[in-house]
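> File follows, upload04.pdb with PDB, C-alpha atoms:
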```
MODEL        1
ATOM      1  CA  MET M  13       0.745  47.336  90.224
ATOM      2  CA  LYS M  14      -1.568  49.720  88.386
ATOM      3  CA  ILE M  15      -1.620  53.358  89.506
ATOM      4  CA  VAL M  16      -3.844  56.082  88.089
ATOM      5  CA  LEU M  17      -2.355  59.574  87.910
ATOM      6  CA  ALA M  18      -5.098  61.837  89.231
ATOM      7  CA  THR M  19      -4.341  64.911  87.142
ATOM      8  CA  ARG M  20      -5.410  66.356  83.816
ATOM      9  CA  ASN M  21      -2.345  68.592  83.702
ATOM     10  CA  LYS M  22      -0.336  66.951  80.902
ATOM     11  CA  LYS M  23       2.981  68.537  81.875
ATOM     12  CA  LYS M  24       2.563  67.533  85.511
ATOM     13  CA  ALA M  25       1.550  63.989  84.506
ATOM     14  CA  ASP M  26       4.611  63.687  82.263
ATOM     15  CA  GLU M  27       6.875  64.796  85.124
ATOM     16  CA  ILE M  28       5.323  62.374  87.612
ATOM     17  CA  GLU M  29       5.542  59.563  85.071
ATOM     18  CA  ARG M  30       9.269  60.213  84.456
ATOM     19  CA  ILE M  31      10.044  60.067  88.167
ATOM     20  CA  LEU M  32       7.678  57.266  89.199
ATOM     21  CA  SER M  33       8.393  55.011  86.225
ATOM     22  CA  SER M  34       9.226  51.431  87.274
ATOM     23  CA  PRO M  35       9.045  47.940  85.748
ATOM     24  CA  HIS M  36       6.687  47.022  88.592
ATOM     25  CA  ILE M  37       4.265  49.913  88.054
ATOM     26  CA  LYS M  38       1.842  50.407  85.173
ATOM     27  CA  LEU M  39       0.800  54.032  85.090
ATOM     28  CA  LEU M  40      -2.646  54.972  83.828
ATOM     29  CA  THR M  41      -4.034  58.457  83.242
ATOM     30  CA  LEU M  42      -7.470  60.007  83.451
ATOM     31  CA  ASP M  43      -7.631  59.658  79.658
ATOM     32  CA  ASP M  44      -8.139  55.953  80.392
ATOM     33  CA  PHE M  45     -11.148  56.822  82.592
ATOM     34  CA  PRO M  46     -13.103  59.571  80.787
ATOM     35  CA  ASP M  47     -16.114  59.176  83.091
ATOM     36  CA  CYS M  48     -14.225  60.301  86.187
ATOM     37  CA  PRO M  49     -15.410  63.694  87.448
ATOM     38  CA  GLU M  50     -13.341  66.850  87.732
ATOM     39  CA  VAL M  51     -12.269  67.111  91.375
ATOM     40  CA  ILE M  52     -12.530  70.624  92.775
ATOM     41  CA  GLU M  53      -9.488  71.703  94.801
ATOM     42  CA  ASP M  54     -11.304  73.465  97.642
ATOM     43  CA  ARG M  55      -9.248  72.414 100.663
ATOM     44  CA  ASP M  56      -7.043  74.895 102.499
ATOM     45  CA  THR M  57      -3.803  72.877 102.404
ATOM     46  CA  PHE M  58      -1.716  71.087  99.783
ATOM     47  CA  GLU M  59      -2.304  67.842 101.660
ATOM     48  CA  GLY M  60      -6.062  68.342 101.802
ATOM     49  CA  ASN M  61      -6.308  68.901  98.048
ATOM     50  CA  ALA M  62      -4.004  65.994  97.167
ATOM     51  CA  VAL M  63      -5.879  63.568  99.428
ATOM     52  CA  LYS M  64      -9.270  64.684  98.107
ATOM     53  CA  LYS M  65      -8.190  64.122  94.488
ATOM     54  CA  ALA M  66      -6.515  60.776  95.143
ATOM     55  CA  ILE M  67      -9.457  59.332  97.089
ATOM     56  CA  ALA M  68     -11.991  60.503  94.492
ATOM     57  CA  ILE M  69     -10.070  58.993  91.576
ATOM     58  CA  ALA M  70      -9.307  55.745  93.427
ATOM     59  CA  HIS M  71     -13.031  55.403  94.153
ATOM     60  CA  CYS M  72     -14.013  56.227  90.561
ATOM     61  CA  THR M  73     -11.510  53.900  88.875
ATOM     62  CA  ASN M  74     -11.302  51.149  91.521
ATOM     63  CA  HIS M  75      -7.507  51.399  91.192
ATOM     64  CA  THR M  76      -4.835  52.836  93.419
ATOM     65  CA  ALA M  77      -4.453  56.530  92.602
ATOM     66  CA  VAL M  78      -1.709  59.096  93.018
ATOM     67  CA  ALA M  79      -2.504  62.801  93.229
ATOM     68  CA  ASP M  80      -0.244  65.792  93.554
ATOM     69  CA  ASP M  81      -0.894  69.230  94.928
ATOM     70  CA  SER M  82       1.982  71.608  94.719
ATOM     71  CA  GLY M  83       2.770  75.272  94.610
ATOM     72  CA  LEU M  84       5.113  78.128  95.277
ATOM     73  CA  GLU M  85       5.457  79.887  98.622
ATOM     74  CA  VAL M  86       7.143  83.302  98.578
ATOM     75  CA  GLU M  87       8.515  84.451 101.916
ATOM     76  CA  ALA M  88       8.110  88.196 101.265
ATOM     77  CA  LEU M  89       4.416  87.636 100.481
ATOM     78  CA  GLY M  90       3.703  85.569 103.583
ATOM     79  CA  GLY M  91       3.609  82.269 101.697
ATOM     80  CA  VAL M  92       1.497  83.481  98.766
ATOM     81  CA  PRO M  93       0.536  82.192  96.218
ATOM     82  CA  GLY M  94       0.627  78.801  98.023
ATOM     83  CA  ILE M  95      -2.364  76.590  97.297
ATOM     84  CA  PHE M  96      -3.605  79.211  94.827
ATOM     85  CA  SER M  97      -0.454  78.975  92.687
ATOM     86  CA  ALA M  98      -2.223  77.620  89.595
ATOM     87  CA  ARG M  99      -4.941  80.296  89.726
ATOM     88  CA  TYR M 100      -3.046  83.215  91.260
ATOM     89  CA  ALA M 101      -4.061  85.614  88.482
ATOM     90  CA  GLY M 102      -7.567  84.144  88.147
ATOM     91  CA  ASN M 103      -9.328  80.804  87.772
ATOM     92  CA  ASN M 104      -8.423  80.448  84.090
ATOM     93  CA  ALA M 105      -5.073  82.222  84.260
ATOM     94  CA  SER M 106      -2.195  81.041  82.085
ATOM     95  CA  ASP M 107       1.252  80.283  83.471
ATOM     96  CA  ALA M 108       2.501  83.529  81.942
ATOM     97  CA  GLU M 109      -0.258  85.546  83.633
ATOM     98  CA  ASN M 110       0.509  83.995  87.020
ATOM     99  CA  VAL M 111       4.215  84.728  86.593
ATOM    100  CA  GLU M 112       3.496  88.303  85.526
ATOM    101  CA  LYS M 113       1.312  88.932  88.581
ATOM    102  CA  LEU M 114       3.915  87.506  90.960
ATOM    103  CA  LEU M 115       6.742  89.549  89.448
ATOM    104  CA  ASN M 116       4.570  92.653  89.723
ATOM    105  CA  GLU M 117       3.895  91.920  93.414
ATOM    106  CA  LEU M 118       7.652  91.607  93.977
ATOM    107  CA  ARG M 119       8.719  94.542  91.815
ATOM    108  CA  HIS M 120      10.059  96.542  94.796
ATOM    109  CA  VAL M 121      11.518  93.562  96.684
ATOM    110  CA  PRO M 122      15.339  93.341  96.548
ATOM    111  CA  ASP M 123      17.208  90.182  95.601
ATOM    112  CA  GLU M 124      18.130  89.223  99.165
ATOM    113  CA  LEU M 125      14.467  89.204 100.219
ATOM    114  CA  ARG M 126      13.100  87.153  97.315
ATOM    115  CA  LYS M 127      13.358  83.778  99.052
ATOM    116  CA  ALA M 128      10.803  81.158  98.019
ATOM    117  CA  ARG M 129      10.224  77.439  98.042
ATOM    118  CA  PHE M 130       8.299  74.938  95.992
ATOM    119  CA  VAL M 131       6.123  72.529  97.970
ATOM    120  CA  CYS M 132       4.727  69.211  96.760
ATOM    121  CA  CYS M 133       2.362  66.850  98.531
ATOM    122  CA  ILE M 134       1.836  63.449  96.922
ATOM    123  CA  ALA M 135      -1.166  61.436  98.085
ATOM    124  CA  LEU M 136      -1.522  57.704  97.454
ATOM    125  CA  ALA M 137      -5.064  56.389  97.887
ATOM    126  CA  TYR M 138      -6.428  52.869  97.661
ATOM    127  CA  PRO M 139      -9.943  52.014  96.419
ATOM    128  CA  GLU M 140     -11.099  51.097  99.938
ATOM    129  CA  GLY M 141     -10.274  54.624 101.132
ATOM    130  CA  ARG M 142      -6.935  54.163 102.883
ATOM    131  CA  HIS M 143      -4.366  56.830 102.016
ATOM    132  CA  VAL M 144      -0.866  58.093 102.824
ATOM    133  CA  THR M 145       0.923  61.348 101.961
ATOM    134  CA  PHE M 146       4.495  62.372 101.202
ATOM    135  CA  PHE M 147       6.041  65.860 101.073
ATOM    136  CA  GLY M 148       8.915  67.343  99.122
ATOM    137  CA  PHE M 149      10.415  70.849  99.257
ATOM    138  CA  VAL M 150      13.019  72.797  97.308
ATOM    139  CA  GLU M 151      14.338  76.124  98.549
ATOM    140  CA  GLY M 152      15.336  78.946  96.239
ATOM    141  CA  LYS M 153      14.523  82.487  95.193
ATOM    142  CA  ILE M 154      12.483  84.393  92.636
ATOM    143  CA  GLY M 155      14.261  86.134  89.757
ATOM    144  CA  PHE M 156      13.396  89.502  88.287
ATOM    145  CA  PHE M 157      12.282  88.264  84.865
ATOM    146  CA  PRO M 158      11.502  84.912  83.209
ATOM    147  CA  LYS M 159      14.363  82.839  81.816
ATOM    148  CA  GLY M 160      14.175  79.530  79.959
ATOM    149  CA  ASN M 161      11.430  77.775  78.028
ATOM    150  CA  LYS M 162      11.315  74.337  79.668
ATOM    151  CA  GLY M 163       9.114  73.207  82.516
ATOM    152  CA  PHE M 164       5.856  74.926  83.412
ATOM    153  CA  GLY M 165       4.210  77.130  86.005
ATOM    154  CA  TYR M 166       6.671  79.345  87.857
ATOM    155  CA  ASP M 167       9.741  77.458  86.602
ATOM    156  CA  PRO M 168      11.018  80.416  84.485
ATOM    157  CA  ILE M 169      11.441  82.642  87.567
ATOM    158  CA  PHE M 170      12.513  80.124  90.220
ATOM    159  CA  TYR M 171      16.214  79.671  90.962
ATOM    160  CA  PRO M 172      16.781  76.615  93.192
ATOM    161  CA  LYS M 173      19.308  77.239  95.952
ATOM    162  CA  GLY M 174      22.880  76.685  94.791
ATOM    163  CA  PHE M 175      22.101  77.108  91.078
ATOM    164  CA  ASP M 176      22.340  80.058  88.705
ATOM    165  CA  LEU M 177      19.777  78.521  86.341
ATOM    166  CA  THR M 178      16.003  78.660  86.659
ATOM    167  CA  PHE M 179      14.033  75.415  86.596
ATOM    168  CA  ALA M 180      12.955  76.414  83.076
ATOM    169  CA  GLU M 181      16.588  76.525  81.920
ATOM    170  CA  MET M 182      17.337  73.023  83.180
ATOM    171  CA  THR M 183      16.859  69.784  81.286
ATOM    172  CA  PRO M 184      14.045  67.574  82.584
ATOM    173  CA  ASP M 185      16.609  65.229  84.171
ATOM    174  CA  GLU M 186      18.399  68.125  85.874
ATOM    175  CA  LYS M 187      15.164  69.485  87.283
ATOM    176  CA  ASP M 188      13.868  66.057  88.304
ATOM    177  CA  SER M 189      17.041  65.345  90.273
ATOM    178  CA  ILE M 190      16.411  68.217  92.715
ATOM    179  CA  SER M 191      12.722  69.086  92.418
ATOM    180  CA  HIS M 192      10.124  69.119  95.178
ATOM    181  CA  ARG M 193       8.069  66.612  93.193
ATOM    182  CA  ASN M 194      11.015  64.252  92.880
ATOM    183  CA  LYS M 195      11.646  64.381  96.642
ATOM    184  CA  ALA M 196       8.010  63.546  97.418
ATOM    185  CA  ILE M 197       7.803  60.775  94.811
ATOM    186  CA  GLU M 198      11.062  59.194  95.983
ATOM    187  CA  LYS M 199       9.450  58.857  99.428
ATOM    188  CA  LEU M 200       6.408  57.273  97.764
ATOM    189  CA  LYS M 201       8.618  54.804  95.879
ATOM    190  CA  LYS M 202      10.366  53.781  99.104
ATOM    191  CA  TYR M 203       6.987  53.277 100.743
ATOM    192  CA  LEU M 204       5.834  51.017  97.905
ATOM    193  CA  GLN M 205       9.062  49.006  98.164
ATOM    194  CA  ILE M 206       8.699  48.606 101.938
ATOM    195  CA  THR M 207       5.052  47.571 101.741
ATOM    196  CA  GLY M 208       5.632  45.372  98.712
ATOM    197  CA  ASP M 209       2.756  47.051  96.880
ATOM    198  CA  ASN M 210       4.922  47.672  93.814
ATOM    199  CA  ASN M 211       5.141  43.927  93.260
ATOM    200  CA  THR M 212       1.423  43.322  93.243
TER     201      THR M 212
ENDMDL
END
```
Would you kindly transcribe this structure into structure tokens?

Amino acid sequence: MKIVLATRNKKKADEIERILSSPHIKLLTLDDFPDCPEVIEDRDTFEGNAVKKAIAIAHCTNHTAVADDSGLEVEALGGVPGIFSARYAGNNASDAENVEKLLNELRHVPDELRKARFVCCIALAYPEGRHVTFFGFVEGKIGFFPKGNKGFGYDPIFYPKGFDLTFAEMTPDEKDSISHRNKAIEKLKKYLQITGDNNT
């Protein structure tokens, strides 16, 4: 089965590819389809954005497509940055700028109130328009300063529950084993096994 990864985020694509990799699945990227348009994430939910991207890329490539929309929800901020995680400090903000803004927003929040969770919605869309979605979550808290140089996004300040390491201090395999994206993609893999699509 051929699946197109509907993202131009290289680090995110690499992570999805590690988790989704299977002898029955040939993964393609948008580099293989340079004519596909940039899909604007203008929906108000993770699911809405993921579905929009997956359907658009499936239609453009005439292949099954997988899209991800994910982000960080901080309890003390009412769920912010949420769907705006990638552009929290501005439309062209770097990971470091987003992290800096979040830490500044939380500068007076004590450790016990810094609860947060990562959310991932994976959308699988077929060329004819049919689609399904899968969610994954990982609970944790926000640290007081960045630690680690692996991963991307908010990984340097996110401590998953039960660990004294940030995502950015973990190896890719360690992070993948507990991440929100892994949990969502594992559900996708089970769906493909049940439907038999991964053997087509």
> Please provide as a PyMOL selection string all residues within 8 Å of region 128-132 of chain M, with the sequence filter that same-chain residues fewer than 2 positions apart are discarded (counting all atoms listed in the file).
chain M and resi 58+80-87+126+134+147-154+192-193+196
> Give me, as a ChimeraX atom specification, all polymer residues having an atom no more than 12 Å from Tyr100 (chain M), counting all atoms listed in the file and skipping those fewer than 6 positions away in the same chain.
/M:83-85,92-94,106-115,117,165-166
> Can you list, as a PDB file with C-alpha atoms, in the frame of the given file, every protein, DNA or RNA residue that comes within 12 Å of region 34-38 of chain M when you count only C-alpha atoms, leaving out same-chain residues fewer than 6 positions away?

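result-v1.pdb written:
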```
ATOM      1  CA  MET M  13       0.745  47.336  90.224  1.00  0.00           C
ATOM      2  CA  LYS M  14      -1.568  49.720  88.386  1.00  0.00           C
ATOM      3  CA  ILE M  15      -1.620  53.358  89.506  1.00  0.00           C
ATOM      4  CA  VAL M  16      -3.844  56.082  88.089  1.00  0.00           C
ATOM      5  CA  LEU M  17      -2.355  59.574  87.910  1.00  0.00           C
ATOM      6  CA  ILE M  28       5.323  62.374  87.612  1.00  0.00           C
ATOM      7  CA  HIS M  75      -7.507  51.399  91.192  1.00  0.00           C
ATOM      8  CA  THR M  76      -4.835  52.836  93.419  1.00  0.00           C
ATOM      9  CA  ALA M  77      -4.453  56.530  92.602  1.00  0.00           C
ATOM     10  CA  GLU M 198      11.062  59.194  95.983  1.00  0.00           C
ATOM     11  CA  LYS M 201       8.618  54.804  95.879  1.00  0.00           C
ATOM     12  CA  LEU M 204       5.834  51.017  97.905  1.00  0.00           C
ATOM     13  CA  GLN M 205       9.062  49.006  98.164  1.00  0.00           C
ATOM     14  CA  GLY M 208       5.632  45.372  98.712  1.00  0.00           C
ATOM     15  CA  ASP M 209       2.756  47.051  96.880  1.00  0.00           C
ATOM     16  CA  ASN M 210       4.922  47.672  93.814  1.00  0.00           C
ATOM     17  CA  ASN M 211       5.141  43.927  93.260  1.00  0.00           C
ATOM     18  CA  THR M 212       1.423  43.322  93.243  1.00  0.00           C
TER      19      THR M 212
END
```
> Give the answer as one residue: which of M:Gly163, M:Gly155, M:Pro46, M:Gly60 has the shortest atom-to-atom distance to Lys22 (chain M), using only C-alpha atoms?
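Of all the options, M:Gly163 lies closest to Lys22 (chain M).
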> CA of Phe146 (chain M) to CA of Ile197 (chain M): how many Å, to one decimal?
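These atoms are spaced 7.4 Å apart.
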> Run through the PyMOL selection byres ((chain M and resi 73) around 12) on the given coordinates and return the selected residues as an MDAnalysis selection string.
chainID M and resid 14:18 40:49 66:72 74:78 137:140
